[in-house]
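Source file: my_file-v7.tsv (TSV, C-alpha atoms)
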chain	number	residue	atom	x	y	z
A	1	MET	CA	141.07	127.18	101.35
A	2	ILE	CA	139.91	124.28	99.21
A	3	ILE	CA	140.85	124.47	95.55
A	4	ILE	CA	138.43	122.79	93.17
A	5	ASP	CA	139.42	122.20	89.57
A	6	GLU	CA	136.97	122.23	86.65
A	7	ARG	CA	136.55	118.43	86.58
A	8	GLN	CA	135.64	118.29	90.26
A	9	LYS	CA	133.32	121.26	89.86
A	10	SER	CA	131.60	119.51	86.96
A	11	GLN	CA	131.22	116.30	88.97
A	12	ILE	CA	129.76	118.19	91.93
A	13	GLN	CA	127.27	119.91	89.61
A	14	ASP	CA	126.34	116.56	88.04
A	15	CYS	CA	125.88	115.02	91.47
A	16	ILE	CA	123.59	117.83	92.62
A	17	LEU	CA	121.69	117.78	89.32
A	18	TYR	CA	121.05	114.04	89.53
A	19	ILE	CA	119.93	114.20	93.15
A	20	VAL	CA	117.59	117.15	92.55
A	21	ALA	CA	116.16	115.53	89.41
A	22	GLY	CA	115.61	112.30	91.33
A	23	LEU	CA	113.82	114.08	94.15
A	24	VAL	CA	111.62	116.05	91.74
A	25	LEU	CA	110.70	112.92	89.76
A	26	ASN	CA	109.88	111.06	92.96
A	27	LEU	CA	107.65	113.92	94.09
A	28	ILE	CA	105.87	113.94	90.72
A	29	GLY	CA	105.42	110.16	90.86
A	30	GLY	CA	104.11	110.35	94.41
A	31	GLY	CA	101.67	113.09	93.43
A	32	LEU	CA	100.37	111.08	90.48
A	33	LEU	CA	99.91	107.98	92.60
A	34	TYR	CA	98.18	110.03	95.30
A	35	TYR	CA	95.81	111.41	92.63
A	36	LYS	CA	95.08	107.87	91.45
A	37	ALA	CA	94.37	106.78	95.03
A	38	GLN	CA	91.89	109.65	95.39
A	39	MET	CA	90.13	108.56	92.19
A	40	ASP	CA	89.95	104.99	93.50
A	41	LYS	CA	88.59	106.23	96.82
A	42	ASP	CA	85.81	108.17	95.08
A	43	VAL	CA	84.85	105.15	92.97
A	44	ILE	CA	84.72	102.90	96.03
A	45	ARG	CA	82.68	105.43	98.01
A	46	ASN	CA	80.16	105.71	95.15
A	47	GLU	CA	79.84	101.94	94.88
A	48	ILE	CA	79.27	101.60	98.63
A	49	ASP	CA	76.66	104.38	98.60
A	50	LYS	CA	74.94	102.75	95.63
A	51	LYS	CA	74.78	99.34	97.31
A	52	LEU	CA	73.54	100.81	100.59
A	53	SER	CA	70.79	102.78	98.85
A	54	GLU	CA	69.74	99.66	96.89
A	55	TYR	CA	69.20	97.85	100.21
A	56	GLY	CA	67.61	100.89	101.83
A	57	VAL	CA	70.30	101.30	104.47
A	58	GLY	CA	71.82	104.67	105.40
A	59	MET	CA	75.22	105.42	106.84
A	60	ASN	CA	75.33	106.02	110.63
A	61	GLY	CA	71.59	105.86	111.09
A	62	THR	CA	70.78	108.47	108.44
A	63	GLU	CA	68.28	108.12	105.64
A	64	PRO	CA	69.58	106.26	102.62
A	65	LEU	CA	70.52	108.33	99.61
A	66	SER	CA	68.42	108.01	96.51
A	67	LEU	CA	70.15	106.70	93.40
A	68	GLU	CA	69.81	110.16	91.81
A	69	GLU	CA	71.75	111.79	94.67
A	70	ILE	CA	74.75	109.52	94.23
A	71	GLU	CA	77.41	111.01	91.98
A	72	GLU	CA	78.39	108.90	89.01
A	73	SER	CA	82.03	109.92	88.69
A	74	GLU	CA	83.90	106.88	87.56
A	75	PRO	CA	87.09	107.78	85.70
A	76	SER	CA	88.03	105.95	82.55
A	77	SER	CA	90.12	102.82	82.99
A	78	VAL	CA	92.58	104.20	80.44
A	79	ILE	CA	93.12	107.30	82.57
A	80	LEU	CA	93.64	105.18	85.69
A	81	VAL	CA	96.21	103.01	83.90
A	82	LEU	CA	98.04	106.01	82.39
A	83	VAL	CA	98.20	107.85	85.72
A	84	THR	CA	99.45	104.73	87.49
A	85	MET	CA	102.02	103.98	84.79
A	86	ALA	CA	103.29	107.58	84.70
A	87	GLY	CA	103.56	107.69	88.49
A	88	ARG	CA	105.48	104.45	88.70
A	89	MET	CA	107.77	105.40	85.82
A	90	ALA	CA	108.53	108.75	87.46
A	91	ASN	CA	109.36	106.95	90.71
A	92	VAL	CA	111.65	104.43	89.00
A	93	VAL	CA	113.50	107.06	86.98
A	94	GLY	CA	113.73	109.25	90.09
A	95	ILE	CA	115.30	106.43	92.11
A	96	ILE	CA	117.77	105.75	89.29
A	97	LYS	CA	118.75	109.44	89.22
A	98	LEU	CA	119.18	109.49	93.01
A	99	PHE	CA	121.43	106.44	92.90
A	100	LYS	CA	123.43	107.93	90.03
A	101	GLY	CA	123.98	111.13	92.03
A	102	LEU	CA	125.03	109.18	95.10
A	103	GLU	CA	127.34	107.03	92.99
A	104	ILE	CA	129.06	110.13	91.61
A	105	PHE	CA	129.42	111.50	95.15
A	106	MET	CA	130.78	108.23	96.54
A	107	SER	CA	133.20	107.65	93.68
A	108	GLU	CA	134.62	111.17	94.06
A	109	ARG	CA	135.04	110.61	97.80
A	110	ARG	CA	136.71	107.24	97.20
A	111	LYS	CA	139.10	108.72	94.62
A	112	LYS	CA	140.02	111.51	97.03
A	113	LYS	CA	140.77	109.04	99.85
A	114	LEU	CA	142.83	106.83	97.56
A	115	ARG	CA	144.80	109.87	96.41
A	116	GLU	CA	145.44	110.91	100.03
A	117	THR	CA	146.50	107.37	100.93
A	118	ALA	CA	148.87	107.19	97.97
A	119	GLU	CA	150.41	110.50	98.99
A	120	LYS	CA	150.90	109.20	102.53
A	121	LEU	CA	152.53	106.03	101.18
A	122	HIS	CA	155.05	108.12	99.29
A	123	GLY	CA	155.64	110.20	102.38
A	124	GLY	CA	156.60	107.19	104.53
A	125	GLU	CA	153.43	106.92	106.60
A	126	THR	CA	152.77	103.29	105.66
A	127	ASP	CA	152.01	101.65	109.00
A	128	THR	CA	148.25	102.21	109.21
A	129	ASP	CA	147.50	103.24	105.66
A	130	TRP	CA	147.65	99.78	104.06
A	131	THR	CA	144.48	98.72	105.84
A	132	GLU	CA	142.87	102.02	104.88
A	133	LEU	CA	143.90	101.50	101.24
A	134	PHE	CA	142.58	97.93	101.25
A	135	SER	CA	139.25	98.96	102.81
A	136	GLU	CA	138.82	101.82	100.31
A	137	CYS	CA	139.56	99.65	97.29
A	138	CYS	CA	137.28	96.83	98.33
A	139	ALA	CA	134.49	98.76	100.06
A	140	PHE	CA	131.05	99.00	98.52

Written form, structure tokens:
Amino acid sequence: MIIIDERQKSQIQDCILYIVAGLVLNLIGGGLLYYKAQMDKDVIRNEIDKKLSEYGVGMNGTEPLSLEEIEESEPSSVILVLVTMAGRMANVVGIIKLFKGLEIFMSERRKKKLRETAEKLHGGETDTDWTELFSECCAF
């Protein structure tokens, strides 16, 4: 049975919290950027329809739309900028949280391996553990 003290339990909770927060923020950022892409797509479609109807050309051999039939749904530039900025900020903060959670996980693993190696050194098992100690101390 593995015994976990309060410090390790707290670090595990922090690690999970950071990773979950990072994933949630990345999902929010992705959703906002997807919403912005949909707004851009609608604006582009309306502009294309408007130009085609001005020249009297229809899509795929159909009759051209009249200018009254074309929806004028262009979102404000401020809204586009705010949605883009919020999406990118959520992605950046989400990535930072993910890396922080992984850093906590990796540092705890590294500390555990160093502790095990130190215990082996005191126990007389020093033949292969020096390379393991060196690789753990200097590994990324």

Q: Please measure the separation of atom CA of Phe99 of chain A and atom CA of Val24 of chain A, giving the value in Å to one decimal.
A: 13.8 Å

Q: Taking (118.4, 114.2, 92.8) in the file's own coordinates, collect the residues within 8 Å, counting only C-alpha atoms, and hand them back as a VMD selection string.
A: chain A and resid 15 to 24 94 97 to 98 101

(Q) As an exercise, work out the distance from atom CA of Asn46 of chain A to atom CA of Ile79 of chain A in Å and give it to one decimal place. (A)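 For atom CA of Asn46 of chain A relative to atom CA of Ile79 of chain A, the distance reads 18.1 Å.
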
Q: Rank A:Arg109, A:Arg88, A:Lys9, A:Lys100 by their smallest atom-to-atom distance to Asn26 of chain A, using all atoms listed in the file, and report the top residue only.
A: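 That would be A:Arg88, the residue with the smallest distance to Asn26 of chain A.
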
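Going from atom CA of Arg110 of chain A over to atom CA of Glu6 of chain A, you cover 18.3 Å.
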
Q: Name the closest residue to Arg7 of chain A among the candidates A:Glu108, A:Leu82, A:Ile28, A:Leu102; distances are taken between atoms, counting only C-alpha atoms.
A: A:Glu108

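The environment of Lys41 of chain A within 12 Å, counting all atoms listed in the file and disregarding residues fewer than 5 places along the same chain, consists of Tyr34, Tyr35, Lys36, Asn46, Glu47, Ile48, Ser73, Glu74 and Pro75 of chain A.
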
Q.
Considering all atoms listed in the file, can you say which of A:Ala86, A:Ile104, A:Val93, A:Leu80 comes closest to Gln38 of chain A?
A.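 Between A:Ala86, A:Ile104, A:Val93, A:Leu80, the residue approaching Gln38 of chain A most closely is A:Leu80.
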